[in-house]
Each structure stands twice: as C-alpha cells, then as structure tokens.
Amino acid sequence: MTFVDSAPIDHLFATGDNPIPEGARTGFVTTPDKVRIRFARWETLQHPSKGTVIILHGRTECIEKYFETVQDLRQRGFGVLTFDWRGQGGSERLLRDPKKGHVENFNQYLSDFEAILTEIALPDCKPPHYILAHSTGGLVALLAAPALANRIRRMVLMVPLLALNSLPISQPRLQSILGALTFIGLGRINLVRDRSSENQREFLSNKLTSDTERFDRNRNIVESHEDLAISHPTISWTFAACRAMARVNSPGYSNS
C-alpha cells in the first residue's frame, strides 16, 4: 500500500459556497487489490488535541460534502481524516460506466477502511481515534467493529444502513432474487432507476432535509464537479448491502 501527499488543490474541489478548509493534506492510498482511494486529513485548530475523527461517508457522498463538518470538528479540538469509498467521489471507479454505484462484496469497503486506518490514521493522526459514520458508512463501521478493539475509542453512527425501506417483498426474499441475478452474470446492471440523484437536484422532491442552504450547496458540488457524482446502484451492490445488513442484524453479532 502506498500513498501520495500533495497540495489540496490537486485532489480536492471547491465551489463558491464550499471552500476547502485550510491546511488539508491529501493523496491516495492503494488497497491490497490495487484500488486507489482518495483521502484528506486536517490537524485540529485548538490545542491540546482531543484526537482524530475519521468520517465514513454514505453512498453517493464525497469528501467535499463534509467540509463544513471538518471545520466544526477542528474548531472543537479534533483532527479529521476522511476518504471516498471505492467507486465514488474521487476514488477509483470500478466499471466502464463511472456513474454506477458498484461493489461485489462489502468486504471491499472494509479493505478501503483498513488501508486508510493502517496507512494514514494510525501512523499520522493523533490518537485517540473516533469514527463518525453516516448511512452506508455506518454499516461498514459495524462490519469493521469486531476488528477495531484498541484502535478506535468510540463510534457515532448516524442513520446507519440497517434495512431497505418500502420494499414490495421481504428483504430476505429480495436478497435471494438479487443473488440469483448476480450468479447468472447480471450483477453490473442497475437494479432499478434510482431517484436519489434526481432528488439531489430538486429540493421540493427530496425527503432528506429541510435545509435549503445546505441542499443547494451539496447540489452545487456535483453539478460543478460531475466526476464526483454517482447515481444508480447495481444489482451486485444491492445484493452485497443486503448480505452485510443481514450479517450485522443477526443474533449475537454484537458479541462476535
């Protein structure tokens, strides 16, 4: 695994209402399976340091969306480290169509996180280390939890992905169907038309926020830098998510 550290302008992208927090150190980590993962880190603005918060993103998100959060944490005495999962943001894309959200197994996300943890967080970021995770990032944090003893002090998970809502069939049944489709070679096809990308463009149709200012800011990020955006999840991604959710929801998982 290797990484390159360079000026933030090379790897991060600002918009008029979303400037890059000063002092960023950025680069790429290469995972054991040769995927380049974009990261950025910042030192605290207050001393003594309270440690480092590692931010784990949701699906479709990127480092730029968290600039405000980065600055808030730094002003409260924390350093911050964050990165883009494979297949999204500024990390390496996995399919010919770079907009498709795709992995074959959530263990690939665990590989991304482990690379960041061992190559950047533990050697270069002040302890203790904390996790702040959202949605898909929360699910990955739960998958990683059994291996995090003595490395992560606390985790804060915001609406972790634990179930798919409003399904016409049960989630186990959906998982079986997706598994069959993946097995016969259809895993890279989009599952369904994902309206989340459209909801990012129209405030009135979105169900995630009542904050017009932040909604417009996040929309401007992907409209100004379209290479950071992804849209539809593939069948394989959704099958992998179902398996990961079933794992962390299984009886006794928290004691494993």
# chains A, B, ... in the order shown; residues from 1 in each chain; ligands from 1
$ residues_around --residues "stretch 228-243 of chain A" --least-positions-apart "5" --cutoff "7 Å" --atoms "only C-alpha atoms" --output "number ranges by chain"
A: 60, 62, 88-90, 99-106, 175, 178-179, 182, 187-191, 193-194, 197, 222
$ residues_around --residues "A:Thr82" --least-positions-apart "6" --cutoff "9 Å" --atoms "only C-alpha atoms" --output "compact mmCIF listing (two decimals) with C-alpha atoms, in the first residue's frame"
# COMPACT_ATOMS: atom_id res chain seq x y z
CA ARG A 38 -8.67 9.36 -2.22
CA PHE A 39 -8.20 10.74 1.29
CA ALA A 40 -7.84 14.10 3.04
CA ARG A 41 -6.79 14.98 6.57
CA VAL A 53 -12.32 11.82 13.96
CA ILE A 54 -12.46 9.50 10.94
CA ILE A 55 -15.53 10.28 8.81
CA LEU A 56 -17.10 7.38 6.87
CA HIS A 57 -19.41 8.54 4.09
CA ILE A 63 -15.11 14.39 0.82
CA TYR A 66 -18.12 17.28 4.62
CA VAL A 70 -14.47 19.07 9.07
CA ILE A 116 -6.78 4.17 5.41
$ residues_around --residues "A:Asn218" --least-positions-apart "5" --cutoff "10 Å" --atoms "only C-alpha atoms" --output "list of chain:residue names"
A:Thr15, A:Asp17, A:Asn18, A:Glu61, A:Cys62, A:Glu64, A:Lys65, A:Tyr66, A:Gln200, A:Arg201, A:Thr212, A:Glu213, A:Glu223
$ write_last_selection --atoms "N, CA and C atoms" --output "short mmCIF file (atom, residue, chain, number, x, y, z; two decimals), in the first residue's frame"
data_model
loop_
_atom_site.label_atom_id
_atom_site.label_comp_id
_atom_site.auth_asym_id
_atom_site.auth_seq_id
_atom_site.Cartn_x
_atom_site.Cartn_y
_atom_site.Cartn_z
N THR A 15 -16.27 24.90 -4.32
CA THR A 15 -17.26 25.71 -5.02
C THR A 15 -17.34 27.03 -4.26
N ASP A 17 -19.56 28.47 -2.49
CA ASP A 17 -20.12 28.44 -1.14
C ASP A 17 -19.58 27.27 -0.32
N ASN A 18 -18.53 26.63 -0.81
CA ASN A 18 -17.99 25.46 -0.11
C ASN A 18 -16.46 25.43 -0.27
N GLU A 61 -21.82 9.92 -1.54
CA GLU A 61 -21.18 11.10 -0.95
C GLU A 61 -19.70 11.17 -1.30
N CYS A 62 -19.11 12.35 -1.00
CA CYS A 62 -17.69 12.57 -1.28
C CYS A 62 -17.11 13.49 -0.20
N GLU A 64 -15.90 16.39 -0.32
CA GLU A 64 -16.30 17.80 -0.40
C GLU A 64 -17.57 18.10 0.37
N LYS A 65 -18.47 17.14 0.47
CA LYS A 65 -19.73 17.35 1.18
C LYS A 65 -19.50 17.62 2.66
N TYR A 66 -18.36 17.21 3.19
CA TYR A 66 -18.12 17.28 4.62
C TYR A 66 -17.19 18.41 5.04
N GLN A 200 -31.53 14.94 -5.45
CA GLN A 200 -30.46 15.86 -5.10
C GLN A 200 -30.57 17.15 -5.90
N ARG A 201 -31.31 17.14 -7.00
CA ARG A 201 -31.41 18.32 -7.86
C ARG A 201 -32.66 19.14 -7.60
N THR A 212 -32.54 24.42 3.03
CA THR A 212 -32.35 24.79 1.63
C THR A 212 -30.91 25.20 1.34
N GLU A 213 -30.27 25.88 2.28
CA GLU A 213 -28.90 26.36 2.05
C GLU A 213 -27.93 25.19 1.83
N GLU A 223 -22.86 19.35 -9.39
CA GLU A 223 -23.11 19.99 -10.67
C GLU A 223 -21.85 20.67 -11.19
#
$ atom_distance --atom1 "atom CA of A:Asn107" --atom2 "atom CA of A:Leu122"
20.5 Å
